[in-house]
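Read through the structure below, which is laid out as structure tokens, and then see the notes.
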Amino acid sequence: MGSQGAECMALTSATGACAMAAMSLLSLFELPYEASILRGASESVLLLLLGLVCLQGETRLFYSYHEVVQDNFGFALKPIGRGLTYLIAGVYCSGARTLSVAEAVASGATSEETSVSGVFGFLWYTCCFLTFVGAASSIWTWHGERRAALSGAHGGQADMDAYYISS
């Protein structure tokens with residue numbers, strides 16, 4: 001893959017991290033309508049934390065926090081770890097939103113009493129989609145790195161030990 005392709009994949013992966021952080025902010029708007037404010041607040045904090053950690057893994061943007069991320073959130077420094085984080089967050093958030101809308105419709109509540117809004121739903125599912133795109137990009141990057149490491153070790157012979165030692 002050329003340098004432009006690698007830059008595009010890195011930008012797409014970073015978009016997934018930003019989408020996770022945006023979903024955390026969107027979930028704050030949903031707090032007044034939740035049955036448990038503590039659960040909603042903890043989801044929001046977790047999404048923001050994981051989004052920022054994955055953004056650090058993608059871009060090394062927060063230089064002073066790199067060692068903290070490396071020591072406590074090592075998964076965020078590998079593309080497969082970030083990809084799985086994006087995938088789990090996207091599946092959870094899309095399922096949670098679908099469930100909350102289904103509960104609101106089943107209870108017969110009006111849109112003023114719930115967080116069922118077309119604009120909010122559009123923003124939420126757009127962030128979920130961008131998270132899935134970031135997951136696909138990170139997993140594809142991991143696959144390319146793994147393939148390159150396996151084909152280049154010992155004259156083309158696959159040696160998993162050399163791959164794991166070099167990482």
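Order determines the names: the first chain of the structure tokens is A, the second B, and so forth; residues in each chain are numbered 1 upward, and ligands are numbered 1 upward as they are shown.
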**Q.** Contacts of Leu84 in chain A at 12 Å (only C-alpha atoms; same-chain gap of 2+ positions) as an MDAnalysis selection string
**A.** chainID A and resid 13 16:17 50 54 75:76 78:82 86:91 131:140 142
Export C-alpha atoms of the chosen residues as a CSV table (one decimal), in the first residue's frame?
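Full text of result08.csv as output:
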chain,number,residue,atom,x,y,z
A,13,SER,CA,-9.0,5.0,12.0
A,16,GLY,CA,-13.4,6.1,14.5
A,17,ALA,CA,-11.7,7.3,17.7
A,50,LEU,CA,-11.6,4.8,25.3
A,54,CYS,CA,-7.5,5.1,20.9
A,75,PHE,CA,-4.3,-2.6,23.4
A,76,ALA,CA,-4.7,1.0,22.1
A,78,LYS,CA,-1.8,-2.0,18.3
A,79,PRO,CA,-4.2,-1.7,15.3
A,80,ILE,CA,-6.0,-4.9,16.3
A,81,GLY,CA,-6.7,-3.6,19.8
A,82,ARG,CA,-8.1,-0.4,18.5
A,86,TYR,CA,-14.1,0.4,17.9
A,87,LEU,CA,-16.1,-2.7,16.9
A,88,ILE,CA,-17.3,-3.5,20.4
A,89,ALA,CA,-18.2,0.2,21.0
A,90,GLY,CA,-20.1,0.5,17.7
A,91,VAL,CA,-22.1,-2.7,18.3
A,131,THR,CA,-16.9,3.7,14.5
A,132,PHE,CA,-17.4,0.7,12.3
A,133,VAL,CA,-15.4,2.3,9.5
A,134,GLY,CA,-12.6,3.0,12.0
A,135,ALA,CA,-12.8,-0.7,13.1
A,136,ALA,CA,-12.5,-1.9,9.6
A,137,SER,CA,-9.6,0.4,8.8
A,138,SER,CA,-7.7,-0.6,12.0
A,139,ILE,CA,-8.2,-4.3,11.4
A,140,TRP,CA,-7.2,-3.9,7.7
A,142,TRP,CA,-3.2,-4.8,11.3
Q: Give me the residues within 12 Å of range 62-66 of chain A as a ChimeraX atom specification, counting only C-alpha atoms and dropping any in the same chain fewer than 5 places off.
A: /A:52-57,71-74,76-77
Can those selected residues be exported to a file as a PDB file, in the first residue's frame so that it contains N, CA and C atoms?
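Full text of result.pdb as output:
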ATOM      1  N   LEU A  52     -10.444   8.708  23.583  1.00  0.00           N
ATOM      2  CA  LEU A  52      -9.194   9.471  23.696  1.00  0.00           C
ATOM      3  C   LEU A  52      -7.971   8.561  23.725  1.00  0.00           C
ATOM      4  N   VAL A  53      -8.094   7.404  24.380  1.00  0.00           N
ATOM      5  CA  VAL A  53      -6.981   6.452  24.416  1.00  0.00           C
ATOM      6  C   VAL A  53      -6.692   5.927  23.009  1.00  0.00           C
ATOM      7  N   CYS A  54      -7.746   5.587  22.277  1.00  0.00           N
ATOM      8  CA  CYS A  54      -7.550   5.105  20.904  1.00  0.00           C
ATOM      9  C   CYS A  54      -7.032   6.219  19.997  1.00  0.00           C
ATOM     10  N   LEU A  55      -7.464   7.445  20.223  1.00  0.00           N
ATOM     11  CA  LEU A  55      -6.937   8.571  19.454  1.00  0.00           C
ATOM     12  C   LEU A  55      -5.445   8.745  19.724  1.00  0.00           C
ATOM     13  N   GLN A  56      -5.040   8.552  20.963  1.00  0.00           N
ATOM     14  CA  GLN A  56      -3.616   8.603  21.296  1.00  0.00           C
ATOM     15  C   GLN A  56      -2.866   7.474  20.587  1.00  0.00           C
ATOM     16  N   GLY A  57      -3.463   6.296  20.552  1.00  0.00           N
ATOM     17  CA  GLY A  57      -2.827   5.185  19.853  1.00  0.00           C
ATOM     18  C   GLY A  57      -2.714   5.421  18.357  1.00  0.00           C
ATOM     19  N   ASP A  71       1.410   1.953  29.467  1.00  0.00           N
ATOM     20  CA  ASP A  71       1.397   1.121  30.669  1.00  0.00           C
ATOM     21  C   ASP A  71       0.020   0.557  30.987  1.00  0.00           C
ATOM     22  N   ASN A  72      -1.031   1.350  30.816  1.00  0.00           N
ATOM     23  CA  ASN A  72      -2.359   0.948  31.273  1.00  0.00           C
ATOM     24  C   ASN A  72      -3.311   0.511  30.166  1.00  0.00           C
ATOM     25  N   PHE A  73      -3.093   0.980  28.962  1.00  0.00           N
ATOM     26  CA  PHE A  73      -3.993   0.669  27.846  1.00  0.00           C
ATOM     27  C   PHE A  73      -3.173   0.223  26.641  1.00  0.00           C
ATOM     28  N   GLY A  74      -2.392  -0.810  26.807  1.00  0.00           N
ATOM     29  CA  GLY A  74      -1.510  -1.276  25.742  1.00  0.00           C
ATOM     30  C   GLY A  74      -2.236  -1.692  24.483  1.00  0.00           C
ATOM     31  N   ALA A  76      -4.416  -0.183  22.941  1.00  0.00           N
ATOM     32  CA  ALA A  76      -4.660   0.970  22.070  1.00  0.00           C
ATOM     33  C   ALA A  76      -3.459   1.300  21.191  1.00  0.00           C
ATOM     34  N   LEU A  77      -2.317   0.692  21.458  1.00  0.00           N
ATOM     35  CA  LEU A  77      -1.139   0.967  20.656  1.00  0.00           C
ATOM     36  C   LEU A  77      -1.008   0.015  19.475  1.00  0.00           C
TER      37      LEU A  77
END
Q.
Please determine, counting only C-alpha atoms, which residue among A:Cys93, A:Leu99, A:Met9, A:Leu48 has the shortest atom-to-atom distance to Ala22 in chain A.
A. A:Leu48
Q.
Restricting the calculation to only C-alpha atoms: of A:Thr85, A:Thr141, A:Ser94, A:Gln70, which residue gets closest to Met23 in chain A?
A.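 Closest residue, counting only C-alpha atoms: A:Ser94.
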Excluding Glu30 in chain A and its own-chain neighbours fewer than 2 positions away, which residues fall within 10 Å of it when counting only C-alpha atoms? Please give them as an mmCIF file with C-alpha atoms, in the first residue's frame.
data_model
loop_
_atom_site.group_PDB
_atom_site.id
_atom_site.type_symbol
_atom_site.label_atom_id
_atom_site.label_comp_id
_atom_site.auth_asym_id
_atom_site.auth_seq_id
_atom_site.Cartn_x
_atom_site.Cartn_y
_atom_site.Cartn_z
ATOM 1 C CA LEU A 25 -20.959 13.655 24.323
ATOM 2 C CA LEU A 26 -24.215 12.617 22.654
ATOM 3 C CA SER A 27 -24.923 10.180 25.468
ATOM 4 C CA LEU A 28 -24.677 13.085 27.923
ATOM 5 C CA PRO A 32 -32.156 13.104 31.647
ATOM 6 C CA TYR A 33 -34.199 10.442 29.853
ATOM 7 C CA GLU A 34 -32.343 7.438 31.278
ATOM 8 C CA ILE A 37 -28.184 8.372 35.525
ATOM 9 C CA GLY A 40 -25.554 6.621 31.513
ATOM 10 C CA ALA A 41 -22.785 8.733 33.012
ATOM 11 C CA SER A 44 -20.343 8.349 28.633
ATOM 12 C CA THR A 114 -37.994 10.779 25.562
ATOM 13 C CA SER A 115 -34.784 11.175 23.627
ATOM 14 C CA VAL A 116 -36.398 9.846 20.436
ATOM 15 C CA PHE A 120 -30.311 12.835 17.487
#
Q: Take CA of Val101 in chain A and CA of Gly121 in chain A and report the distance between them in Å, one decimal.
A: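 Pair CA of Val101 in chain A / CA of Gly121 in chain A returns 9.1 Å.
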Q: Apply DSSP to the backbone of this structure and, from range 2-155 of chain A, keep only the residues in alpha helix (DSSP H); write these as number ranges by chain.
A: A: 3-29, 37-59, 66-72, 79-107, 118-152
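If only C-alpha atoms are the atoms counted, then among A:Ala109, A:Leu49, A:Val68, A:Met20 the closest residue to Tyr92 in chain A is A:Met20.
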